[in-house]
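Participant: I am attaching a structure below and will ask some questions about it afterwards.
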Amino acid sequence: MTFLVAQTDHELENKKANSDGIFVVPGNNAFGNSFRDYNAEVERQKIVRELYRQSHINQTYDFVKKMREEYGKMNKVEMSIWECCELLNEVVDDSDPDLDEPQIEHLLQTAEAIRKDYPNEDWLHLTGLIHDLGKVLLLPSFGGLPQWAVVGDTFPLGCAFDESIVLHEQLKGNPDNNNPTYNTKYGVYSEGCGLNNVVMSWGHDDYMYLVAKANKTTLPSAALFIIRYHSFYPLHKSGAYTHLMNEEDHENLKWLQIFSKYDLYSKSNVRIDVEKVKPYYMSLIEKYFPAKLKW
């Protein structure tokens with residue numbers, strides 16, 4: 001099986017001009033628009049904006065606590081990592097203004113782009129493959145959660161909302177915004193407390209992090225950091241919330257910023273032969289995960 005995503009003229013020119021194999025950021029997404037443009041006047045952007053409206057109203061500190069308790073039980077399904085990858089054929093992420101293809105295509109695009117530029121970092125290749133697997137939360141067997149509770153940019157709860165959060169104005173309707181316990185710079189946290197102690201908005205990132213930890217993955221801490229915070233754009237794009245980070249967070253952030261380029265910009269121009277690359281990724285799954293995982 002081969003996935004083919006259309007290339008723009010700009011992307012083809014970039015490939016011709018960069019024959020050294022280094023990943024090149026394309027000029028436009030699969031729709032011909034700028035990446036992460038939430039104001040483009042197209043139908044998909046209307047869907048995206050409505051998703052964020054619901055997310056910004058409903059993602060509260062108490063809501064996330066309940067979701068982590070429920071999904072931390074790992075009692076939904078038992079399956080392998082690759083079986084989960086195949087499940088994502090049924091998923092389209094409504095929060096993404098750059099992509100409306102099944103998610104497995106994006107996983108392989110990301111992983112293969114990283115593999116090309118960082119051939120010796122096999123843990124990073126596998127992280128590229130699995131980083132979005134938590135989106136199975138959208139499927140009935142995982143509770144069929146609404147899109148706003150699964151996808152989209154993530155942000156801390158329990159402290160003030162930073163203005164760098166996408167569509168920040170919509171957060172005025174969030175109950176936590178008017179709660180004096182949560183609406184100050186530090187809220188329930190302290191300087192340098194570590195992101196691992198910060199409650200993040202609930203979604204596929206946090207869920208896959210919980211799955212990996214519960215199933216005792218041997219991936220390094222940088223991989224777990226990437227999985228949990230790859231949608232935390234206020235941090236790795238805008239530099240917000242650094243006052244909550246500890247020393248390990250700062251080290252892991254360097255890898256997340258490398259990863260982010262491939263996660264965001266590999267959505268438009270890569271052809272992947274799944275059967276050809278599958279044995280390689282199966283070997284990495286066997287190296288870093290058990291054969292079957294509890295989800």
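Chain labels A, B, ... are given in the sequence in which chains occur in the structure tokens; within each chain residues are numbered consecutively from 1, and ligands are likewise numbered from 1 in the order shown.
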Can you list, as a PDB file with all heavy atoms, in the first residue's frame, all residues belonging to segment 140-234 of chain A that DSSP tags as strand (DSSP E)?

Facilitator:
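Result file selection.pdb:
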ATOM      1  N   PRO A 156      -1.901  24.614  29.755  1.00  0.00           N
ATOM      2  CA  PRO A 156      -2.037  24.292  31.177  1.00  0.00           C
ATOM      3  C   PRO A 156      -3.364  24.770  31.762  1.00  0.00           C
ATOM      4  O   PRO A 156      -3.920  25.795  31.347  1.00  0.00           O
ATOM      5  CB  PRO A 156      -0.870  25.045  31.826  1.00  0.00           C
ATOM      6  CG  PRO A 156       0.101  25.266  30.728  1.00  0.00           C
ATOM      7  CD  PRO A 156      -0.748  25.482  29.510  1.00  0.00           C
ATOM      8  N   LEU A 157      -3.839  24.021  32.736  1.00  0.00           N
ATOM      9  CA  LEU A 157      -4.992  24.410  33.540  1.00  0.00           C
ATOM     10  C   LEU A 157      -4.532  24.523  34.988  1.00  0.00           C
ATOM     11  O   LEU A 157      -3.536  23.917  35.375  1.00  0.00           O
ATOM     12  CB  LEU A 157      -6.105  23.376  33.390  1.00  0.00           C
ATOM     13  CG  LEU A 157      -6.678  23.317  31.970  1.00  0.00           C
ATOM     14  CD1 LEU A 157      -7.311  21.977  31.700  1.00  0.00           C
ATOM     15  CD2 LEU A 157      -7.670  24.448  31.736  1.00  0.00           C
ATOM     16  N   VAL A 199      -1.221  20.235  35.243  1.00  0.00           N
ATOM     17  CA  VAL A 199      -2.383  19.632  34.581  1.00  0.00           C
ATOM     18  C   VAL A 199      -2.559  20.293  33.217  1.00  0.00           C
ATOM     19  O   VAL A 199      -2.730  21.508  33.127  1.00  0.00           O
ATOM     20  CB  VAL A 199      -3.653  19.806  35.433  1.00  0.00           C
ATOM     21  CG1 VAL A 199      -4.893  19.335  34.675  1.00  0.00           C
ATOM     22  CG2 VAL A 199      -3.515  19.043  36.742  1.00  0.00           C
ATOM     23  N   MET A 200      -2.500  19.484  32.155  1.00  0.00           N
ATOM     24  CA  MET A 200      -2.676  19.990  30.787  1.00  0.00           C
ATOM     25  C   MET A 200      -4.089  19.693  30.296  1.00  0.00           C
ATOM     26  O   MET A 200      -4.732  18.734  30.749  1.00  0.00           O
ATOM     27  CB  MET A 200      -1.676  19.314  29.851  1.00  0.00           C
ATOM     28  CG  MET A 200      -0.222  19.570  30.190  1.00  0.00           C
ATOM     29  SD  MET A 200       0.267  21.307  29.978  1.00  0.00           S
ATOM     30  CE  MET A 200       0.011  21.522  28.213  1.00  0.00           C
TER      31      MET A 200
END

Participant: Please list as a PyMOL selection string every residue within 7 Å of Leu195 of chain A, counting only C-alpha atoms and excluding residues in the same chain fewer than 3 positions away.

Facilitator: chain A and resi 198+244-245+249

Participant: Let me make sure I understand: among A:Ser221, A:Ser80, A:Asn252, A:Asn196, which one has the smallest atom-to-atom distance to Lys292 of chain A if we use only C-alpha atoms?

Facilitator: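 Of A:Ser221, A:Ser80, A:Asn252, A:Asn196, the one nearest Lys292 of chain A is A:Ser80, counting only C-alpha atoms.
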
Participant: Based on the backbone DSSP call, show me all residues of segment 64-295 of chain A assigned alpha helix (DSSP H), as a ChimeraX atom specification.

Facilitator: /A:64-71,81-87,103-117,122-130,204-214,221-229,233-236,247-265,274-288

Participant: Kindly indicate which residue among A:Thr181, A:Asn215, A:Ser231, A:Asn58 lies nearest to Gly152 of chain A, using only C-alpha atoms for the distances.

Facilitator: A:Ser231

Participant: For Ser164 of chain A, please output as a PDB file with all heavy atoms, in the first residue's frame all residues within 10 Å (counting only C-alpha atoms; exclusion window: fewer than 6 positions along the same chain).

Facilitator:
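For reference, part_23.pdb as written:
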ATOM      1  N   PHE A 155      -2.883  23.254  26.550  1.00  0.00           N
ATOM      2  CA  PHE A 155      -2.450  24.371  27.386  1.00  0.00           C
ATOM      3  C   PHE A 155      -2.656  23.990  28.849  1.00  0.00           C
ATOM      4  O   PHE A 155      -3.490  23.129  29.176  1.00  0.00           O
ATOM      5  CB  PHE A 155      -3.242  25.643  27.056  1.00  0.00           C
ATOM      6  CG  PHE A 155      -4.737  25.436  26.982  1.00  0.00           C
ATOM      7  CD1 PHE A 155      -5.527  25.574  28.119  1.00  0.00           C
ATOM      8  CD2 PHE A 155      -5.351  25.078  25.792  1.00  0.00           C
ATOM      9  CE1 PHE A 155      -6.896  25.379  28.073  1.00  0.00           C
ATOM     10  CE2 PHE A 155      -6.728  24.866  25.731  1.00  0.00           C
ATOM     11  CZ  PHE A 155      -7.505  25.032  26.866  1.00  0.00           C
ATOM     12  N   TYR A 233       1.655  24.190  21.827  1.00  0.00           N
ATOM     13  CA  TYR A 233       2.261  25.239  21.009  1.00  0.00           C
ATOM     14  C   TYR A 233       2.583  26.511  21.789  1.00  0.00           C
ATOM     15  O   TYR A 233       3.565  27.195  21.467  1.00  0.00           O
ATOM     16  CB  TYR A 233       1.374  25.553  19.794  1.00  0.00           C
ATOM     17  CG  TYR A 233       1.557  24.556  18.685  1.00  0.00           C
ATOM     18  CD1 TYR A 233       0.806  23.387  18.645  1.00  0.00           C
ATOM     19  CD2 TYR A 233       2.498  24.764  17.677  1.00  0.00           C
ATOM     20  CE1 TYR A 233       0.978  22.454  17.631  1.00  0.00           C
ATOM     21  CE2 TYR A 233       2.684  23.841  16.657  1.00  0.00           C
ATOM     22  CZ  TYR A 233       1.923  22.687  16.647  1.00  0.00           C
ATOM     23  OH  TYR A 233       2.119  21.762  15.645  1.00  0.00           O
ATOM     24  N   PRO A 234       1.807  26.897  22.790  1.00  0.00           N
ATOM     25  CA  PRO A 234       2.206  28.079  23.558  1.00  0.00           C
ATOM     26  C   PRO A 234       3.611  27.959  24.136  1.00  0.00           C
ATOM     27  O   PRO A 234       4.309  28.968  24.272  1.00  0.00           O
ATOM     28  CB  PRO A 234       1.146  28.135  24.670  1.00  0.00           C
ATOM     29  CG  PRO A 234      -0.061  27.507  24.056  1.00  0.00           C
ATOM     30  CD  PRO A 234       0.480  26.392  23.207  1.00  0.00           C
ATOM     31  N   LEU A 235       4.036  26.736  24.449  1.00  0.00           N
ATOM     32  CA  LEU A 235       5.398  26.533  24.954  1.00  0.00           C
ATOM     33  C   LEU A 235       6.415  26.497  23.833  1.00  0.00           C
ATOM     34  O   LEU A 235       7.317  27.345  23.766  1.00  0.00           O
ATOM     35  CB  LEU A 235       5.478  25.233  25.760  1.00  0.00           C
ATOM     36  CG  LEU A 235       6.902  24.811  26.164  1.00  0.00           C
ATOM     37  CD1 LEU A 235       7.486  25.793  27.167  1.00  0.00           C
ATOM     38  CD2 LEU A 235       6.911  23.394  26.723  1.00  0.00           C
ATOM     39  N   LYS A 237       6.280  26.945  20.615  1.00  0.00           N
ATOM     40  CA  LYS A 237       6.211  27.922  19.529  1.00  0.00           C
ATOM     41  C   LYS A 237       6.380  29.357  20.043  1.00  0.00           C
ATOM     42  O   LYS A 237       7.045  30.185  19.427  1.00  0.00           O
ATOM     43  CB  LYS A 237       4.865  27.804  18.809  1.00  0.00           C
ATOM     44  CG  LYS A 237       4.707  28.696  17.590  1.00  0.00           C
ATOM     45  CD  LYS A 237       5.480  28.177  16.409  1.00  0.00           C
ATOM     46  CE  LYS A 237       5.128  28.955  15.143  1.00  0.00           C
ATOM     47  NZ  LYS A 237       5.927  28.496  13.977  1.00  0.00           N
ATOM     48  N   SER A 238       5.776  29.636  21.211  1.00  0.00           N
ATOM     49  CA  SER A 238       5.742  31.015  21.715  1.00  0.00           C
ATOM     50  C   SER A 238       6.582  31.247  22.969  1.00  0.00           C
ATOM     51  O   SER A 238       6.731  32.398  23.400  1.00  0.00           O
ATOM     52  CB  SER A 238       4.291  31.420  22.002  1.00  0.00           C
ATOM     53  OG  SER A 238       3.488  31.290  20.841  1.00  0.00           O
ATOM     54  N   GLY A 239       7.087  30.174  23.597  1.00  0.00           N
ATOM     55  CA  GLY A 239       7.922  30.339  24.775  1.00  0.00           C
ATOM     56  C   GLY A 239       7.166  30.696  26.034  1.00  0.00           C
ATOM     57  O   GLY A 239       7.767  31.211  26.998  1.00  0.00           O
ATOM     58  N   ALA A 240       5.858  30.417  26.068  1.00  0.00           N
ATOM     59  CA  ALA A 240       5.062  30.695  27.258  1.00  0.00           C
ATOM     60  C   ALA A 240       5.226  29.586  28.297  1.00  0.00           C
ATOM     61  O   ALA A 240       5.613  28.461  27.970  1.00  0.00           O
ATOM     62  CB  ALA A 240       3.588  30.839  26.883  1.00  0.00           C
TER      63      ALA A 240
END

Participant: Residues of segment 36-138 of chain A within 12 Å of segment 175-180 of chain A: nearest atom pair and distance (Å, one decimal) for each, counting only C-alpha atoms, sorted by chain and number, as CSV?

Facilitator:
residue,atom,partner,partner_atom,distance
A:His56,CA,A:Pro175,CA,9.7
A:Ile57,CA,A:Pro175,CA,7.3
A:Asn58,CA,A:Pro175,CA,8.3
A:Gln59,CA,A:Asp176,CA,8.9
A:Thr60,CA,A:Asp176,CA,6.2
A:Tyr61,CA,A:Asp176,CA,7.3
A:Asp62,CA,A:Asp176,CA,9.2
A:Phe63,CA,A:Asp176,CA,10.7

Participant: Just the selected residues (all heavy atoms), exported as an mmCIF file, in the first residue's frame, please.

Facilitator:
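This went into out_13.cif:
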data_model
loop_
_atom_site.group_PDB
_atom_site.id
_atom_site.type_symbol
_atom_site.label_atom_id
_atom_site.label_comp_id
_atom_site.auth_asym_id
_atom_site.auth_seq_id
_atom_site.Cartn_x
_atom_site.Cartn_y
_atom_site.Cartn_z
ATOM 1 N N HIS A 56 -12.274 25.466 24.467
ATOM 2 C CA HIS A 56 -11.901 26.527 25.394
ATOM 3 C C HIS A 56 -12.951 26.764 26.472
ATOM 4 O O HIS A 56 -12.639 27.300 27.537
ATOM 5 C CB HIS A 56 -11.630 27.817 24.616
ATOM 6 C CG HIS A 56 -10.346 27.785 23.838
ATOM 7 N ND1 HIS A 56 -9.434 26.773 23.957
ATOM 8 C CD2 HIS A 56 -9.833 28.654 22.914
ATOM 9 C CE1 HIS A 56 -8.396 27.012 23.162
ATOM 10 N NE2 HIS A 56 -8.612 28.142 22.524
ATOM 11 N N ILE A 57 -14.160 26.375 26.220
ATOM 12 C CA ILE A 57 -15.208 26.494 27.235
ATOM 13 C C ILE A 57 -15.196 25.295 28.181
ATOM 14 O O ILE A 57 -15.391 25.437 29.387
ATOM 15 C CB ILE A 57 -16.596 26.622 26.563
ATOM 16 C CG1 ILE A 57 -16.713 27.974 25.847
ATOM 17 C CG2 ILE A 57 -17.712 26.479 27.603
ATOM 18 C CD1 ILE A 57 -17.976 28.097 25.013
ATOM 19 N N ASN A 58 -14.940 24.101 27.643
ATOM 20 C CA ASN A 58 -15.138 22.864 28.400
ATOM 21 C C ASN A 58 -13.891 22.272 29.053
ATOM 22 O O ASN A 58 -14.002 21.465 29.984
ATOM 23 C CB ASN A 58 -15.755 21.801 27.495
ATOM 24 C CG ASN A 58 -17.178 22.150 27.082
ATOM 25 O OD1 ASN A 58 -18.057 22.258 27.925
ATOM 26 N ND2 ASN A 58 -17.391 22.339 25.789
ATOM 27 N N GLN A 59 -12.705 22.664 28.584
ATOM 28 C CA GLN A 59 -11.478 22.129 29.182
ATOM 29 C C GLN A 59 -11.187 22.890 30.469
ATOM 30 O O GLN A 59 -10.665 24.001 30.457
ATOM 31 C CB GLN A 59 -10.302 22.271 28.200
ATOM 32 C CG GLN A 59 -10.380 21.368 26.982
ATOM 33 C CD GLN A 59 -9.815 19.970 27.247
ATOM 34 O OE1 GLN A 59 -9.445 19.624 28.377
ATOM 35 N NE2 GLN A 59 -9.737 19.169 26.202
ATOM 36 N N THR A 60 -11.530 22.261 31.590
ATOM 37 C CA THR A 60 -11.298 22.872 32.895
ATOM 38 C C THR A 60 -10.406 21.959 33.742
ATOM 39 O O THR A 60 -10.224 20.783 33.425
ATOM 40 C CB THR A 60 -12.622 23.107 33.650
ATOM 41 O OG1 THR A 60 -13.216 21.826 33.944
ATOM 42 C CG2 THR A 60 -13.592 23.947 32.828
ATOM 43 N N TYR A 61 -9.899 22.497 34.809
ATOM 44 C CA TYR A 61 -9.024 21.739 35.714
ATOM 45 C C TYR A 61 -9.742 20.493 36.236
ATOM 46 O O TYR A 61 -9.191 19.388 36.213
ATOM 47 C CB TYR A 61 -8.610 22.654 36.866
ATOM 48 C CG TYR A 61 -7.585 22.077 37.812
ATOM 49 C CD1 TYR A 61 -6.226 22.206 37.547
ATOM 50 C CD2 TYR A 61 -7.974 21.441 38.988
ATOM 51 C CE1 TYR A 61 -5.269 21.703 38.434
ATOM 52 C CE2 TYR A 61 -7.024 20.929 39.875
ATOM 53 C CZ TYR A 61 -5.680 21.060 39.586
ATOM 54 O OH TYR A 61 -4.738 20.559 40.452
ATOM 55 N N ASP A 62 -10.987 20.653 36.675
ATOM 56 C CA ASP A 62 -11.741 19.520 37.223
ATOM 57 C C ASP A 62 -12.059 18.491 36.145
ATOM 58 O O ASP A 62 -12.016 17.278 36.402
ATOM 59 C CB ASP A 62 -13.033 20.013 37.873
ATOM 60 C CG ASP A 62 -12.775 20.766 39.169
ATOM 61 O OD1 ASP A 62 -11.670 20.632 39.730
ATOM 62 O OD2 ASP A 62 -13.682 21.503 39.615
ATOM 63 N N PHE A 63 -12.374 18.942 34.936
ATOM 64 C CA PHE A 63 -12.671 18.021 33.835
ATOM 65 C C PHE A 63 -11.468 17.128 33.547
ATOM 66 O O PHE A 63 -11.597 15.905 33.401
ATOM 67 C CB PHE A 63 -13.045 18.809 32.578
ATOM 68 C CG PHE A 63 -13.098 17.981 31.325
ATOM 69 C CD1 PHE A 63 -14.155 17.116 31.087
ATOM 70 C CD2 PHE A 63 -12.072 18.055 30.376
ATOM 71 C CE1 PHE A 63 -14.199 16.340 29.934
ATOM 72 C CE2 PHE A 63 -12.103 17.285 29.230
ATOM 73 C CZ PHE A 63 -13.173 16.424 29.004
#

Participant: Excluding Asn246 of chain A and residues on its chain fewer than 2 positions from it, collect all residues at most 9 Å away from it, counting only C-alpha atoms, and give them as a list in words.

Facilitator: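 Selected residues are Glu191, Gly192, Cys193, Gly194, Leu195, Thr242, His243, Leu244, Glu248, Asp249 and His250 of chain A.
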
Participant: Could you save those same residues with all heavy atoms as a short mmCIF file (atom, residue, chain, number, x, y, z; two decimals), in the first residue's frame?

Facilitator:
data_model
loop_
_atom_site.label_atom_id
_atom_site.label_comp_id
_atom_site.auth_asym_id
_atom_site.auth_seq_id
_atom_site.Cartn_x
_atom_site.Cartn_y
_atom_site.Cartn_z
N GLU A 191 7.12 28.27 40.98
CA GLU A 191 8.25 28.47 40.06
C GLU A 191 9.07 27.19 39.93
O GLU A 191 9.48 26.58 40.92
CB GLU A 191 9.15 29.59 40.59
CG GLU A 191 10.36 29.89 39.72
CD GLU A 191 10.04 30.84 38.58
OE1 GLU A 191 9.09 31.63 38.73
OE2 GLU A 191 10.76 30.80 37.56
N GLY A 192 9.29 26.74 38.67
CA GLY A 192 10.13 25.59 38.41
C GLY A 192 9.60 24.26 38.92
O GLY A 192 10.36 23.32 39.14
N CYS A 193 8.29 24.16 39.11
CA CYS A 193 7.70 22.94 39.67
C CYS A 193 7.84 21.74 38.75
O CYS A 193 7.75 20.59 39.19
CB CYS A 193 6.23 23.18 40.00
SG CYS A 193 5.18 23.53 38.57
N GLY A 194 8.04 21.98 37.45
CA GLY A 194 8.16 20.89 36.48
C GLY A 194 6.85 20.64 35.76
O GLY A 194 5.79 20.56 36.40
N LEU A 195 6.90 20.52 34.45
CA LEU A 195 5.67 20.33 33.67
C LEU A 195 4.97 19.03 34.02
O LEU A 195 3.75 18.90 33.83
CB LEU A 195 5.99 20.38 32.17
CG LEU A 195 6.46 21.73 31.63
CD1 LEU A 195 6.72 21.64 30.13
CD2 LEU A 195 5.44 22.83 31.93
N THR A 242 7.33 29.01 30.58
CA THR A 242 8.66 28.50 30.94
C THR A 242 8.94 28.65 32.44
O THR A 242 9.81 27.96 32.97
CB THR A 242 9.76 29.23 30.15
OG1 THR A 242 9.64 30.64 30.34
CG2 THR A 242 9.66 28.91 28.66
N HIS A 243 8.20 29.51 33.12
CA HIS A 243 8.39 29.68 34.57
C HIS A 243 7.98 28.44 35.35
O HIS A 243 8.33 28.30 36.52
CB HIS A 243 7.62 30.90 35.07
CG HIS A 243 6.14 30.86 34.79
ND1 HIS A 243 5.62 31.10 33.54
CD2 HIS A 243 5.08 30.62 35.61
CE1 HIS A 243 4.31 31.00 33.59
NE2 HIS A 243 3.95 30.70 34.84
N LEU A 244 7.26 27.52 34.70
CA LEU A 244 6.85 26.29 35.36
C LEU A 244 7.81 25.13 35.08
O LEU A 244 7.69 24.06 35.68
CB LEU A 244 5.44 25.89 34.92
CG LEU A 244 4.33 26.92 35.19
CD1 LEU A 244 3.00 26.40 34.64
CD2 LEU A 244 4.22 27.22 36.68
N GLU A 248 15.11 19.38 33.65
CA GLU A 248 14.88 18.29 32.69
C GLU A 248 13.94 18.73 31.57
O GLU A 248 14.13 18.36 30.41
CB GLU A 248 14.30 17.06 33.41
CG GLU A 248 14.13 15.86 32.49
CD GLU A 248 13.59 14.63 33.21
OE1 GLU A 248 13.08 14.77 34.34
OE2 GLU A 248 13.69 13.53 32.65
N ASP A 249 12.93 19.53 31.91
CA ASP A 249 12.02 20.05 30.89
C ASP A 249 12.78 20.85 29.84
O ASP A 249 12.52 20.73 28.63
CB ASP A 249 10.95 20.95 31.52
CG ASP A 249 9.99 20.20 32.41
OD1 ASP A 249 9.76 19.00 32.17
OD2 ASP A 249 9.46 20.83 33.35
N HIS A 250 13.70 21.69 30.29
CA HIS A 250 14.47 22.53 29.35
C HIS A 250 15.31 21.67 28.41
O HIS A 250 15.44 21.98 27.22
CB HIS A 250 15.34 23.51 30.12
CG HIS A 250 14.60 24.69 30.68
ND1 HIS A 250 14.15 25.73 29.88
CD2 HIS A 250 14.21 24.98 31.96
CE1 HIS A 250 13.53 26.62 30.64
NE2 HIS A 250 13.55 26.19 31.89
#

Participant: Atom CA of Glu69 of chain A and atom CA of Pro220 of chain A, how far apart in Å?

Facilitator: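 Computed distance, atom CA of Pro220 of chain A to atom CA of Glu69 of chain A, equals 24.4 Å.
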
Participant: With a distance cut-off of 10 Å and only C-alpha atoms, select the neighbouring residues of Gly72 of chain A, excluding the residue or stretch itself and same-chain residues fewer than 3 positions from it, and output the selection as a ChimeraX atom specification.

Facilitator: /A:66-69,75,207,210-211,214,295

Participant: Got a sec: who's within 9 Å of Lys76 of chain A, counting only C-alpha atoms, leaving out chain neighbours fewer than 4 positions off, as a list of chain:residue names?

Facilitator: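 Counting only C-alpha atoms, the residues come to A:Tyr71, A:Ser141, A:Phe142, A:Gly143, A:Lys294, A:Trp295.
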
Participant: Can you work out which one of A:Trp123, A:Trp82, A:Tyr189, A:Tyr118 has the shortest atom-to-atom distance to Ile226 of chain A, counting only C-alpha atoms?

Facilitator: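 Under the stated criterion, the closest residue is A:Trp123.
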
Participant: If I take atom CA of Thr217 of chain A and atom CA of Leu145 of chain A, how far is one from the other in Å, to one decimal?

Facilitator: 25.4 Å

Participant: Using only C-alpha atoms, which residue out of A:Gly158, A:Pro290, A:Gly203, A:Pro279 lies closest to Pro146 of chain A?

Facilitator: A:Gly203

Participant: Could you please determine the separation between atom CA of Asn197 of chain A and atom CA of Leu284 of chain A in Å, to one decimal place?

Facilitator: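 Interatomic distance here is 29.3 Å.
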
Participant: For Val274 of chain A, please output as a count of residues only all residues within 12 Å (counting only C-alpha atoms; exclusion window: fewer than 2 positions along the same chain).

Facilitator: 26

Participant: Can you work out which one of A:Tyr182, A:Phe289, A:Phe225, A:Tyr262 has the shortest atom-to-atom distance to Tyr209 of chain A, counting only C-alpha atoms?

Facilitator: A:Phe225
